[in-house]
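A.B. asks: Here it is, the structure in full.
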Amino acid sequence: MQPRIIICGLGRTGYRIFRLLSQQGAEVIGISDRPMSLNSQAVVIGDPRQAATLIHAGIREAQTLVLAHNDDALNLGVLTQARVLNPHIRIINRLYNQTLGDRLDQTLPEHVSMSVSALAAPIFAFAALGSKAIGQLNLYKKTWPIREEVIDRDHPWLGHSLSEFWENSERMLIHYLPAGGEEDLVSAVVTGKRLQVGDHLILGTPPRVKSKRGSFFRKVFKAIANLRQYQHHVRPMTLVILALLVTICLATFTYVFVNFDLSVVDALYFSVGMITGAGGKEEVAELAPDWVKLFTAMMMVVGAGVIGICYALINDFILGSRIRQFWDATKIPNQNHFVICGLGGMGMAIARQLHQQGHDVVVLENNHKNRFLRSARALGIPVIIADASVGNSLRDTYINRAEALIAATSEDMTNVEIALSAKAIRNDLSVIVRIQDANFAQSAQEVFDFDLVLSPTELSTHSFAAAALGGRILGNGMTDDLLWVALATSITPIHPFCGQTVRDAAIAVNFVPLYAESDGHNIHGWGLLDHQLQSGDVLYLTIAANGLQKLWRRNNNDGDGVSVEPTVNNSNVKTIEAFIPQSS
């Protein structure tokens, strides 16, 4: 029997999760605070923070609650009420504040926090890299790009045996869809089946982190070049300081000209003291003619104004944000870099992903109070405070020599405007655009000459749906309307796989084993298929979502299914995350 799942919040993201879980055969109930044009028996209308609404939706009998609102406070309010009514319910919580999510995961049992930005950002990063990667897999403490290979008549793998790829360290088989009929990947590997036209392979490849090269002199040269381009950061302060120096020089030479017995040093000392108000050597003016005294009074007034303006600009430059912008300007890469417009949760996640892979990144953000500024600069990522839709702001990022631009602000129209402005400057620039509305994203992709238009909602929905189906879900993907998930399961004495070889279990249940942990060792390749699972082992695998219950169900002598609660020893589990969007 499929788990009973409650989806709280049927907005753009919640509705897609609701629909996807329904397609997978799960028993789903939705809660909406406004009328919906859906089956009235499947949707409860009311305030989800009220106990009556949750009880009407069946909160006491439900196994999982998905909080899909885009308001962290609302999700937290529903969470507390739900846990009062059902202390053991599994909660999938959509949170913008990832720090809060981590705290809740550590504090509450059966709580999984998820972020749309964190789920979708890797797809944007791989798209900007220009590869065919459609996701990522965090495996062996490394991030593996995931891609789909469709075998056609010209494909170099046509006719090759699947067994050739099984223990290839350069590729990890994730999922297999034969062109004709149905066959699990393990059986195809064991029997040596050959790839045919129309076969689909989902596989991971080892990450290739770009090494950052650059001498000290090259960095200094780049800083000097950028200073010349970004002189407007210091121009006002420079002009005022120059005016102050001219005023001091004018006064000094005037006093020397009036009294040739006065040394230049004494004249300079008096001029500086007179202009700054500090005083000193007043006899220079007292013994001078009346017109010199008038000149001195005028210099005092002018000097006071220039000094005041100079102090204000210096304080703003040093204590304000200008010195930070000035410093960022000296670090902007001038070629083969990535320009990210918008430093929200999505932009920060994309910037971090590219930075960790060794790529140069520069960010354009128009809010000098942005909450992620400190985090970006701590990573050494330069941030320019400017409007990214303005051509001059884009030129400041050396966009003519950039690898790609990612428009990732929270406003769809702003992202389209930024992308069009970038294309106007450089038509062959690779542009990746974030658009929330999935329908608009598809039409924009067709109308405008953008390389890729992606919807975070589309990219993240499958992850929420997979997590809602139960167990320790560590990744997922969508292929030909079939949702498959990556997960880790601990083998207990009553687990249906205990005592079986991985090969027999995989063929019987139709899953793809990735690797196993046994006695502190990782087992993969052909040794994995022959490994006999014992209590305490942790098995990492991928499986179709509609077959998840088979992992924790065993048959007794009468043929009746006996459910086994899924368990995972979190202390032994390495993180695996595969985020793969549905093909457009």
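Each chain in the structure tokens gets a letter, A, B and so on, in the order shown; residues start at 1 in every chain, and ligands are counted from 1 in the order they appear.
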Any idea what's packed within 7 Å of region 294-304 of chain A, counting only C-alpha atoms, ignoring anything in its chain fewer than 4 positions away? Could you give it as a JSON list (two decimals) with N, CA, C and O atoms, in the first residue's frame?

C.D. replies:
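Contents of selection-v3.json, freshly written:
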[["chain", "number", "residue", "atom", "x", "y", "z"],
["A", 274, "MET", "N", 46.34, 76.94, 9.15],
["A", 274, "MET", "CA", 45.28, 77.89, 8.92],
["A", 274, "MET", "C", 44.07, 77.24, 8.23],
["A", 274, "MET", "O", 42.93, 77.45, 8.61],
["A", 275, "ILE", "N", 44.32, 76.40, 7.23],
["A", 275, "ILE", "CA", 43.22, 75.79, 6.47],
["A", 275, "ILE", "C", 42.51, 74.71, 7.29],
["A", 275, "ILE", "O", 41.28, 74.59, 7.25],
["A", 276, "THR", "N", 43.27, 73.96, 8.06],
["A", 276, "THR", "CA", 42.65, 72.89, 8.86],
["A", 276, "THR", "C", 42.09, 73.38, 10.18],
["A", 276, "THR", "O", 41.35, 72.66, 10.85],
["A", 290, "ASP", "N", 47.28, 94.24, 4.60],
["A", 290, "ASP", "CA", 45.85, 93.95, 4.78],
["A", 290, "ASP", "C", 45.31, 92.97, 3.73],
["A", 290, "ASP", "O", 44.48, 92.12, 4.02],
["A", 308, "GLY", "N", 35.95, 69.76, 5.18],
["A", 308, "GLY", "CA", 34.72, 69.06, 5.58],
["A", 308, "GLY", "C", 34.28, 68.04, 4.56],
["A", 308, "GLY", "O", 33.93, 66.90, 4.90]]

A.B. asks: What separation in Å, quoted to one decimal, exists between CA of Phe464 (chain A) and CA of Ile123 (chain A)?

C.D. replies: 16.0 Å

A.B. asks: Can you measure CA of Val502 (chain A) to CA of Pro178 (chain A) for me? One decimal in Å is fine.

C.D. replies: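 Between CA of Val502 (chain A) and CA of Pro178 (chain A) the gap is 21.5 Å.
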
A.B. asks: Give me the residues near Val43 (chain A) as a PyMOL selection string, where near means some atom within 6 Å (using only C-alpha atoms) and where sequence neighbours in that chain fewer than 4 positions away do not count.

C.D. replies: chain A and resi 29-31

A.B. asks: Pull all heavy atoms from the residues just selected and write them as a PDB file, in the first residue's frame.

C.D. replies:
ATOM      1  N   ILE A  29      -3.433  13.823  -0.282  1.00  0.00           N
ATOM      2  CA  ILE A  29      -4.446  14.788   0.114  1.00  0.00           C
ATOM      3  C   ILE A  29      -3.802  16.168   0.129  1.00  0.00           C
ATOM      4  O   ILE A  29      -2.709  16.343   0.676  1.00  0.00           O
ATOM      5  CB  ILE A  29      -5.017  14.469   1.510  1.00  0.00           C
ATOM      6  CG1 ILE A  29      -5.660  13.087   1.524  1.00  0.00           C
ATOM      7  CG2 ILE A  29      -6.034  15.532   1.934  1.00  0.00           C
ATOM      8  CD1 ILE A  29      -6.873  12.954   0.637  1.00  0.00           C
ATOM      9  N   GLY A  30      -4.463  17.157  -0.464  1.00  0.00           N
ATOM     10  CA  GLY A  30      -3.935  18.508  -0.491  1.00  0.00           C
ATOM     11  C   GLY A  30      -4.676  19.416   0.466  1.00  0.00           C
ATOM     12  O   GLY A  30      -5.874  19.226   0.726  1.00  0.00           O
ATOM     13  N   ILE A  31      -3.984  20.396   1.013  1.00  0.00           N
ATOM     14  CA  ILE A  31      -4.591  21.425   1.855  1.00  0.00           C
ATOM     15  C   ILE A  31      -4.319  22.769   1.205  1.00  0.00           C
ATOM     16  O   ILE A  31      -3.170  23.133   0.953  1.00  0.00           O
ATOM     17  CB  ILE A  31      -4.027  21.414   3.286  1.00  0.00           C
ATOM     18  CG1 ILE A  31      -4.300  20.078   3.968  1.00  0.00           C
ATOM     19  CG2 ILE A  31      -4.619  22.560   4.105  1.00  0.00           C
ATOM     20  CD1 ILE A  31      -3.748  19.996   5.390  1.00  0.00           C
TER      21      ILE A  31
END

A.B. asks: Please give the complete set of residues from region 448-541 of chain A that DSSP, run on the backbone, assigns to strand (DSSP E), formatted as a PyMOL selection string.

C.D. replies: chain A and resi 452-454+473-479+482-490+511-518+521-523+538-541

A.B. asks: Output N, CA, C and O atoms for every residue in that selection, as a tab-separated table (two decimals), in the first residue's frame.

C.D. replies:
chain	number	residue	atom	x	y	z
A	452	LEU	N	19.44	28.55	-22.61
A	452	LEU	CA	18.60	27.68	-21.79
A	452	LEU	C	17.77	28.53	-20.84
A	452	LEU	O	18.28	29.50	-20.25
A	453	VAL	N	16.50	28.20	-20.71
A	453	VAL	CA	15.61	28.85	-19.76
A	453	VAL	C	15.12	27.77	-18.80
A	453	VAL	O	14.52	26.79	-19.23
A	454	LEU	N	15.40	27.95	-17.51
A	454	LEU	CA	15.11	26.93	-16.52
A	454	LEU	C	14.18	27.47	-15.44
A	454	LEU	O	14.27	28.62	-15.04
A	473	ILE	N	15.69	9.28	1.26
A	473	ILE	CA	15.83	9.64	-0.13
A	473	ILE	C	17.02	10.60	-0.27
A	473	ILE	O	17.08	11.63	0.38
A	474	LEU	N	17.95	10.24	-1.13
A	474	LEU	CA	19.16	11.03	-1.29
A	474	LEU	C	19.31	11.64	-2.67
A	474	LEU	O	20.27	12.33	-2.94
A	475	GLY	N	18.38	11.39	-3.56
A	475	GLY	CA	18.43	11.96	-4.89
A	475	GLY	C	17.30	11.41	-5.73
A	475	GLY	O	16.57	10.51	-5.29
A	476	ASN	N	17.10	11.95	-6.91
A	476	ASN	CA	16.00	11.50	-7.75
A	476	ASN	C	16.18	11.97	-9.16
A	476	ASN	O	17.07	12.78	-9.45
A	477	GLY	N	15.34	11.50	-10.04
A	477	GLY	CA	15.36	11.94	-11.43
A	477	GLY	C	14.05	11.59	-12.10
A	477	GLY	O	13.25	10.82	-11.56
A	478	MET	N	13.80	12.17	-13.26
A	478	MET	CA	12.56	11.94	-13.99
A	478	MET	C	12.92	11.57	-15.41
A	478	MET	O	13.56	12.35	-16.12
A	479	THR	N	12.56	10.37	-15.85
A	479	THR	CA	12.86	9.90	-17.19
A	479	THR	C	11.61	9.25	-17.78
A	479	THR	O	11.09	8.29	-17.22
A	482	LEU	N	8.73	8.56	-15.59
A	482	LEU	CA	8.98	7.63	-14.48
A	482	LEU	C	9.90	8.30	-13.48
A	482	LEU	O	11.02	8.70	-13.81
A	483	LEU	N	9.43	8.45	-12.24
A	483	LEU	CA	10.23	9.04	-11.18
A	483	LEU	C	11.08	7.95	-10.54
A	483	LEU	O	10.57	6.94	-10.08
A	484	TRP	N	12.41	8.12	-10.56
A	484	TRP	CA	13.28	7.18	-9.88
A	484	TRP	C	14.09	7.95	-8.83
A	484	TRP	O	14.31	9.15	-8.94
A	485	VAL	N	14.49	7.26	-7.79
A	485	VAL	CA	15.13	7.90	-6.65
A	485	VAL	C	16.44	7.19	-6.31
A	485	VAL	O	16.62	6.01	-6.57
A	486	ALA	N	17.38	7.96	-5.76
A	486	ALA	CA	18.62	7.41	-5.22
A	486	ALA	C	18.51	7.45	-3.70
A	486	ALA	O	18.08	8.45	-3.14
A	487	LEU	N	18.89	6.37	-3.06
A	487	LEU	CA	18.74	6.31	-1.60
A	487	LEU	C	19.76	5.36	-1.01
A	487	LEU	O	20.45	4.62	-1.70
A	488	ALA	N	19.84	5.39	0.31
A	488	ALA	CA	20.67	4.45	1.05
A	488	ALA	C	19.78	3.74	2.06
A	488	ALA	O	18.96	4.37	2.71
A	489	THR	N	19.91	2.45	2.16
A	489	THR	CA	19.10	1.68	3.10
A	489	THR	C	20.01	0.79	3.94
A	489	THR	O	20.92	0.13	3.43
A	490	SER	N	19.79	0.79	5.24
A	490	SER	CA	20.56	-0.06	6.14
A	490	SER	C	19.97	-1.46	6.17
A	490	SER	O	18.75	-1.64	6.20
A	511	PHE	N	16.22	-2.78	-9.02
A	511	PHE	CA	16.92	-1.56	-8.67
A	511	PHE	C	18.35	-1.63	-9.21
A	511	PHE	O	18.81	-2.70	-9.62
A	512	VAL	N	19.03	-0.50	-9.21
A	512	VAL	CA	20.41	-0.43	-9.68
A	512	VAL	C	21.31	-0.15	-8.48
A	512	VAL	O	21.23	0.92	-7.89
A	513	PRO	N	22.15	-1.11	-8.08
A	513	PRO	CA	23.05	-0.85	-6.95
A	513	PRO	C	24.18	0.08	-7.36
A	513	PRO	O	24.76	-0.07	-8.44
A	514	LEU	N	24.50	1.05	-6.51
A	514	LEU	CA	25.62	1.96	-6.75
A	514	LEU	C	26.87	1.47	-6.04
A	514	LEU	O	27.91	1.28	-6.66
A	515	TYR	N	26.77	1.25	-4.75
A	515	TYR	CA	27.85	0.63	-4.00
A	515	TYR	C	27.31	0.28	-2.61
A	515	TYR	O	26.18	0.63	-2.25
A	516	ALA	N	28.10	-0.45	-1.86
A	516	ALA	CA	27.69	-0.87	-0.51
A	516	ALA	C	28.82	-0.58	0.47
A	516	ALA	O	30.00	-0.62	0.12
A	517	GLU	N	28.44	-0.27	1.71
A	517	GLU	CA	29.40	-0.12	2.80
A	517	GLU	C	29.29	-1.33	3.71
A	517	GLU	O	28.20	-1.66	4.19
A	518	SER	N	30.40	-2.01	3.91
A	518	SER	CA	30.41	-3.20	4.76
A	518	SER	C	31.71	-3.24	5.54
A	518	SER	O	32.81	-3.23	4.94
A	521	HIS	N	34.32	-0.69	4.62
A	521	HIS	CA	34.87	-0.70	3.26
A	521	HIS	C	33.77	-0.43	2.24
A	521	HIS	O	32.62	-0.84	2.43
A	522	ASN	N	34.13	0.22	1.16
A	522	ASN	CA	33.20	0.45	0.05
A	522	ASN	C	33.37	-0.65	-0.99
A	522	ASN	O	34.48	-0.95	-1.40
A	523	ILE	N	32.25	-1.25	-1.39
A	523	ILE	CA	32.27	-2.34	-2.36
A	523	ILE	C	31.52	-1.88	-3.60
A	523	ILE	O	30.39	-1.41	-3.51
A	538	VAL	N	25.27	-1.01	4.57
A	538	VAL	CA	24.47	0.08	4.01
A	538	VAL	C	24.56	-0.02	2.49
A	538	VAL	O	25.65	-0.01	1.93
A	539	LEU	N	23.40	-0.16	1.84
A	539	LEU	CA	23.34	-0.33	0.40
A	539	LEU	C	22.84	0.95	-0.25
A	539	LEU	O	21.79	1.49	0.12
A	540	TYR	N	23.60	1.45	-1.24
A	540	TYR	CA	23.23	2.65	-1.99
A	540	TYR	C	22.71	2.20	-3.36
A	540	TYR	O	23.36	1.39	-4.03
A	541	LEU	N	21.56	2.74	-3.75
A	541	LEU	CA	20.93	2.24	-4.98
A	541	LEU	C	20.02	3.29	-5.58
A	541	LEU	O	19.71	4.32	-4.96

A.B. asks: Show me, as a list of chain:residue names, the residues that have an atom within 10 Å of Cys249 (chain A) when counting only C-alpha atoms, minus same-chain residues fewer than 3 positions from it.

C.D. replies: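 These residues fall inside the cut-off: A:Ala243, A:Leu244, A:Leu245, A:Val246, A:Thr252, A:Phe253, A:Thr254, A:Ala267, A:Leu268, A:Ser271, A:Val272.
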
A.B. asks: Taking only C-alpha atoms into account, name the residue in A:Ala120, A:Leu239, A:Ile248, A:Val112 that is nearest to Met348 (chain A).

C.D. replies: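 Result for the nearest residue to Met348 (chain A): A:Ala120.
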
A.B. asks: Measuring between only C-alpha atoms, which one of A:Ala544, A:Val363, A:Ala73, A:Leu162 shows the shortest distance to His200 (chain A)?

C.D. replies: A:Leu162

A.B. asks: Contacts of region 425-442 of chain A at 8 Å or less, counting only C-alpha atoms, minus same-chain residues fewer than 2 places along, as a PyMOL selection string?

C.D. replies: chain A and resi 124+127-128+391+399-400+402-409+411-412+415-416+419+421-423+444-446+450-458+584

A.B. asks: Going by DSSP on the backbone, which bits of region 356-490 of chain A are helix (DSSP H, G or I)? Write them as a PyMOL selection string, please.

C.D. replies: chain A and resi 356+373-378+391-395+399-401+412-425+438-447+456-468

A.B. asks: Skip Arg401 (chain A) itself and residues of its chain fewer than 5 positions away, then list as a VMD selection string all residues within 7 Å of it, counting only C-alpha atoms.

C.D. replies: chain A and resid 334 to 336

A.B. asks: Which one is closest to Leu242 (chain A): A:Gly380, A:Pro333, A:Asp199, A:Cys310? Count only C-alpha atoms.

C.D. replies: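 Ranking A:Gly380, A:Pro333, A:Asp199, A:Cys310 by distance to Leu242 (chain A), first place goes to A:Cys310.
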
A.B. asks: Would you compute the distance between CA of Leu203 (chain A) and CA of Glu182 (chain A)? Give it in Å to one decimal.

C.D. replies: 18.5 Å

A.B. asks: Which of these, A:Pro122, A:Ile55, A:Ala466, A:Gln98, has the shortest distance to Val84 (chain A) once you count only C-alpha atoms?

C.D. replies: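 Once distances to Val84 (chain A) are computed over only C-alpha atoms, the minimum belongs to A:Ile55.
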
A.B. asks: Quick one: residues within 8 Å of Gly46 (chain A), only C-alpha atoms counted, chain neighbours fewer than 5 positions away excluded, as a list in words?

C.D. replies: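 That gives Ile31, Ser32, Asp33, Arg34 and Thr53 of chain A.
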
A.B. asks: Those same residues, written as a PDB file, in the first residue's frame with C-alpha atoms?

C.D. replies:
ATOM      1  CA  ILE A  31      -4.591  21.425   1.855  1.00  0.00           C
ATOM      2  CA  SER A  32      -5.272  24.827   0.306  1.00  0.00           C
ATOM      3  CA  ASP A  33      -6.324  28.124   1.846  1.00  0.00           C
ATOM      4  CA  ARG A  34      -8.394  28.945  -1.253  1.00  0.00           C
ATOM      5  CA  THR A  53      -8.148  21.606   9.015  1.00  0.00           C
TER       6      THR A  53
END
